[in-house]
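Enquirer: Please see the structure below; I have some questions.
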Amino acid sequence: MNICAVIPGYNEAKHISEVIKATLLQVDTVLVVDDGSSDGTGEIAKEAGAQVLRHDPNQGKGASLRDGLDWALENGFDAAITLDADGQHLPEEIARFVEIADKADMIIGNRMTEVEDMPWVRLKTNRFMSWVVSKLARTAIPDSQSGFRFIKTAMWKELKDKVLSRNFDFESEIIVAAGRNGYKVADVPISTIYGDEVSKINPVNDTIRFFKMVWRLRK
C-alpha cells in the first residue's frame, strides 16, 4: 500500500522539523500544508525534507486537511496518515495504523485508553464530543477529536463533496460521513502526549461551529 503523511501546520516552526524527520522514517513522502504561517513553518518543512502546500491567508485546519487529502488522491497514494505538527503524536506509532490498514477505511488514534495525563477539561470535552459524533455516525468512536488518523483516498474521493466543514469541525464531520456511508471506521491505541504546544482551537468560535455542524447533520 502506497501511503503518505499529511501534516497541517500553522506557526509550528518550533516542532515541525523534528516531526517531519521522524515521520520520514515511517513513510517515504510527507506533505506539510502550511496554513498561512508567519514564522517560517513552510521553509523549515522544506529543509526537513517535506513537500509543502501553502495557504495565504490562513484557511483553517479542515481546509488544510482537505487540500492534503486531495493532494494524496491526485498523486496516486492509497492512503494518507494525518498527524499534528506540534509533537503531540509520535510518528513511530504510524506502524500501528499500517498493521491494520486492510481492516478499515479510516483508523483513528485512540488516546482514551491512557488518560492519566490528559487535562480534566480536555478529557470531559473529548468524551462528550465523541459521544455526539458516535450518535451522528451511527458507530462507536472512542476519540473523535484525535487528529492522528489513517484515511484511504478511495473513501475520501467518495466523501469529499459530502463533507462541508473547513475548520476543526472537519475532523468530526468526516467521521460522520464515513459512518453514514457504510465505511469501516476503526481505532488503534496511541500515546497521550502533552508538552509545550498551544492549542489553535478557539473555545468560542470552534464550539459554535461544532454545534452548527451537529444541527446540520442531526437527521
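By convention in this document, the chains of the C-alpha cells carry letters A, B, ... by their order, each chain's residues are numbered from 1, and ligands are numbered from 1 in the order they are shown.
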Give me the residues within 9 Å of segment 96-108 of chain A as a ChimeraX atom specification, counting only C-alpha atoms and dropping any in the same chain fewer than 2 places off.
Expert: /A:1,3,79,81,92-94,110,141-144,146-155,175,178,183-190
Enquirer: Would you save the residues of that selection, restricted to C-alpha atoms, as a PDB file, in the first residue's frame?
Expert:
```
ATOM      1  CA  MET A   1       0.000   0.000   0.000  1.00  0.00           C
ATOM      2  CA  ILE A   3       0.994   5.742   1.982  1.00  0.00           C
ATOM      3  CA  ALA A  79      -3.958   6.319   1.931  1.00  0.00           C
ATOM      4  CA  ILE A  81      -1.672   9.354   7.613  1.00  0.00           C
ATOM      5  CA  GLU A  92       6.820   5.875  15.240  1.00  0.00           C
ATOM      6  CA  GLU A  93       3.253   4.868  16.098  1.00  0.00           C
ATOM      7  CA  ILE A  94       2.322   5.100  12.405  1.00  0.00           C
ATOM      8  CA  ASN A 110      -7.387   6.487  20.386  1.00  0.00           C
ATOM      9  CA  ILE A 141     -15.957   6.327  18.112  1.00  0.00           C
ATOM     10  CA  PRO A 142     -13.934   6.446  21.361  1.00  0.00           C
ATOM     11  CA  ASP A 143     -11.815   9.507  20.458  1.00  0.00           C
ATOM     12  CA  SER A 144     -13.384  11.588  17.720  1.00  0.00           C
ATOM     13  CA  SER A 146      -7.840  12.783  17.670  1.00  0.00           C
ATOM     14  CA  GLY A 147      -6.046  14.186  14.638  1.00  0.00           C
ATOM     15  CA  PHE A 148      -3.776  11.146  14.269  1.00  0.00           C
ATOM     16  CA  ARG A 149      -5.539   9.136  11.548  1.00  0.00           C
ATOM     17  CA  PHE A 150      -5.232   6.754   8.624  1.00  0.00           C
ATOM     18  CA  ILE A 151      -7.576   7.651   5.748  1.00  0.00           C
ATOM     19  CA  LYS A 152      -7.903   5.742   2.484  1.00  0.00           C
ATOM     20  CA  THR A 153      -8.015   8.037  -0.506  1.00  0.00           C
ATOM     21  CA  ALA A 154     -10.695   5.933  -2.235  1.00  0.00           C
ATOM     22  CA  MET A 155     -13.020   6.751   0.642  1.00  0.00           C
ATOM     23  CA  ILE A 175     -16.228  10.544  10.692  1.00  0.00           C
ATOM     24  CA  ALA A 178     -17.788   7.719   6.755  1.00  0.00           C
ATOM     25  CA  TYR A 183     -17.312   2.785   5.511  1.00  0.00           C
ATOM     26  CA  LYS A 184     -15.455   0.900   8.212  1.00  0.00           C
ATOM     27  CA  VAL A 185     -14.046   3.135  10.962  1.00  0.00           C
ATOM     28  CA  ALA A 186     -11.649   1.542  13.433  1.00  0.00           C
ATOM     29  CA  ASP A 187      -9.368   2.795  16.173  1.00  0.00           C
ATOM     30  CA  VAL A 188      -5.923   1.966  17.469  1.00  0.00           C
ATOM     31  CA  PRO A 189      -4.370   2.946  20.822  1.00  0.00           C
ATOM     32  CA  ILE A 190      -1.871   5.808  20.694  1.00  0.00           C
TER      33      ILE A 190
END
```
Enquirer: So that I can check the surroundings of Gln51 of chain A, please list as a list in words every protein, DNA and RNA residue that reaches within 8 Å of it, counting only C-alpha atoms and ignoring chain neighbours fewer than 3 positions away.
Expert: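 Within the cut-off, the hits are Thr29, Val30, Leu31, Val32, Ala45 and Lys46 of chain A.
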Enquirer: Let's see if you can do this: from backbone DSSP, list all strand (DSSP E) residues in segment 1-59 of chain A, as a PDB file with N, CA and C atoms, in the first residue's frame.
Expert:
```
ATOM      1  N   ILE A   3       1.497   4.856   0.935  1.00  0.00           N
ATOM      2  CA  ILE A   3       0.994   5.742   1.982  1.00  0.00           C
ATOM      3  C   ILE A   3       1.887   6.977   2.103  1.00  0.00           C
ATOM      4  N   CYS A   4       1.267   8.136   2.233  1.00  0.00           N
ATOM      5  CA  CYS A   4       1.997   9.366   2.534  1.00  0.00           C
ATOM      6  C   CYS A   4       1.509   9.912   3.869  1.00  0.00           C
ATOM      7  N   ALA A   5       2.209  10.891   4.383  1.00  0.00           N
ATOM      8  CA  ALA A   5       1.769  11.586   5.596  1.00  0.00           C
ATOM      9  C   ALA A   5       1.353  13.002   5.226  1.00  0.00           C
ATOM     10  N   VAL A   6       0.281  13.472   5.829  1.00  0.00           N
ATOM     11  CA  VAL A   6      -0.211  14.833   5.635  1.00  0.00           C
ATOM     12  C   VAL A   6      -0.188  15.533   6.992  1.00  0.00           C
ATOM     13  N   ILE A   7       0.552  16.635   7.064  1.00  0.00           N
ATOM     14  CA  ILE A   7       0.702  17.363   8.322  1.00  0.00           C
ATOM     15  C   ILE A   7       0.227  18.798   8.125  1.00  0.00           C
ATOM     16  N   PRO A   8      -0.937  19.171   8.678  1.00  0.00           N
ATOM     17  CA  PRO A   8      -1.345  20.574   8.629  1.00  0.00           C
ATOM     18  C   PRO A   8      -0.550  21.369   9.658  1.00  0.00           C
ATOM     19  N   GLY A   9      -0.113  22.564   9.289  1.00  0.00           N
ATOM     20  CA  GLY A   9       0.692  23.338  10.226  1.00  0.00           C
ATOM     21  C   GLY A   9       0.430  24.823  10.147  1.00  0.00           C
ATOM     22  N   VAL A  30       6.196  13.016   2.831  1.00  0.00           N
ATOM     23  CA  VAL A  30       5.491  13.849   3.806  1.00  0.00           C
ATOM     24  C   VAL A  30       5.068  15.139   3.126  1.00  0.00           C
ATOM     25  N   LEU A  31       3.801  15.470   3.243  1.00  0.00           N
ATOM     26  CA  LEU A  31       3.275  16.749   2.759  1.00  0.00           C
ATOM     27  C   LEU A  31       2.901  17.608   3.954  1.00  0.00           C
ATOM     28  N   VAL A  32       3.431  18.810   3.998  1.00  0.00           N
ATOM     29  CA  VAL A  32       3.022  19.789   5.001  1.00  0.00           C
ATOM     30  C   VAL A  32       2.148  20.830   4.317  1.00  0.00           C
ATOM     31  N   VAL A  33       0.977  21.080   4.889  1.00  0.00           N
ATOM     32  CA  VAL A  33       0.121  22.152   4.395  1.00  0.00           C
ATOM     33  C   VAL A  33       0.307  23.333   5.343  1.00  0.00           C
ATOM     34  N   ASP A  34       1.072  24.306   4.881  1.00  0.00           N
ATOM     35  CA  ASP A  34       1.391  25.493   5.679  1.00  0.00           C
ATOM     36  C   ASP A  34       0.226  26.464   5.572  1.00  0.00           C
ATOM     37  N   ASP A  35      -0.522  26.581   6.655  1.00  0.00           N
ATOM     38  CA  ASP A  35      -1.787  27.319   6.627  1.00  0.00           C
ATOM     39  C   ASP A  35      -1.583  28.793   6.981  1.00  0.00           C
ATOM     40  N   GLN A  51       7.382  17.939   1.253  1.00  0.00           N
ATOM     41  CA  GLN A  51       6.766  18.754   0.214  1.00  0.00           C
ATOM     42  C   GLN A  51       5.784  19.696   0.910  1.00  0.00           C
ATOM     43  N   VAL A  52       5.582  20.874   0.331  1.00  0.00           N
ATOM     44  CA  VAL A  52       4.800  21.902   1.022  1.00  0.00           C
ATOM     45  C   VAL A  52       3.754  22.508   0.096  1.00  0.00           C
ATOM     46  N   LEU A  53       2.529  22.589   0.621  1.00  0.00           N
ATOM     47  CA  LEU A  53       1.479  23.405   0.023  1.00  0.00           C
ATOM     48  C   LEU A  53       1.287  24.617   0.919  1.00  0.00           C
ATOM     49  N   ARG A  54       1.053  25.764   0.330  1.00  0.00           N
ATOM     50  CA  ARG A  54       0.960  26.995   1.107  1.00  0.00           C
ATOM     51  C   ARG A  54      -0.418  27.631   0.972  1.00  0.00           C
ATOM     52  N   HIS A  55      -1.036  27.934   2.100  1.00  0.00           N
ATOM     53  CA  HIS A  55      -2.251  28.745   2.125  1.00  0.00           C
ATOM     54  C   HIS A  55      -1.865  30.177   2.491  1.00  0.00           C
TER      55      HIS A  55
END
```
Enquirer: Do a neighbour search on Pro119 of chain A at 12 Å with only C-alpha atoms, toss out local chain neighbours closer than 4 positions, and write the hits as a PDB file with C-alpha atoms, in the first residue's frame.
Expert:
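Saved to around-v2.pdb:
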```pdb
ATOM      1  CA  MET A 112      -8.767   7.358  25.712  1.00  0.00           C
ATOM      2  CA  GLU A 114      -4.410   6.266  28.590  1.00  0.00           C
ATOM      3  CA  VAL A 115      -5.978   9.335  30.180  1.00  0.00           C
ATOM      4  CA  LEU A 123     -10.921  14.591  28.879  1.00  0.00           C
ATOM      5  CA  LYS A 124     -14.532  15.580  29.570  1.00  0.00           C
ATOM      6  CA  THR A 125     -14.779  17.529  26.320  1.00  0.00           C
ATOM      7  CA  ASN A 126     -13.382  14.628  24.282  1.00  0.00           C
ATOM      8  CA  THR A 192      -1.239  10.683  25.118  1.00  0.00           C
ATOM      9  CA  ILE A 193       1.421  13.390  24.957  1.00  0.00           C
ATOM     10  CA  TYR A 194       1.174  16.942  26.234  1.00  0.00           C
ATOM     11  CA  GLY A 195       4.158  19.279  26.156  1.00  0.00           C
TER      12      GLY A 195
END
```
Enquirer: Could you pull the residues within 7 Å of Ser38 of chain A, counting only C-alpha atoms, minus those fewer than 2 positions along the same chain, as JSON, numbers by chain?
Expert: {"A": [11, 36, 40]}
Enquirer: Would you save the residues from that selection as a PDB file, in the first residue's frame, using C-alpha atoms?
Expert:
```
ATOM      1  CA  ASN A  11       3.047  28.661  13.038  1.00  0.00           C
ATOM      2  CA  GLY A  36      -0.640  30.926   6.320  1.00  0.00           C
ATOM      3  CA  GLY A  40       8.747  30.245   8.530  1.00  0.00           C
TER       4      GLY A  40
END
```
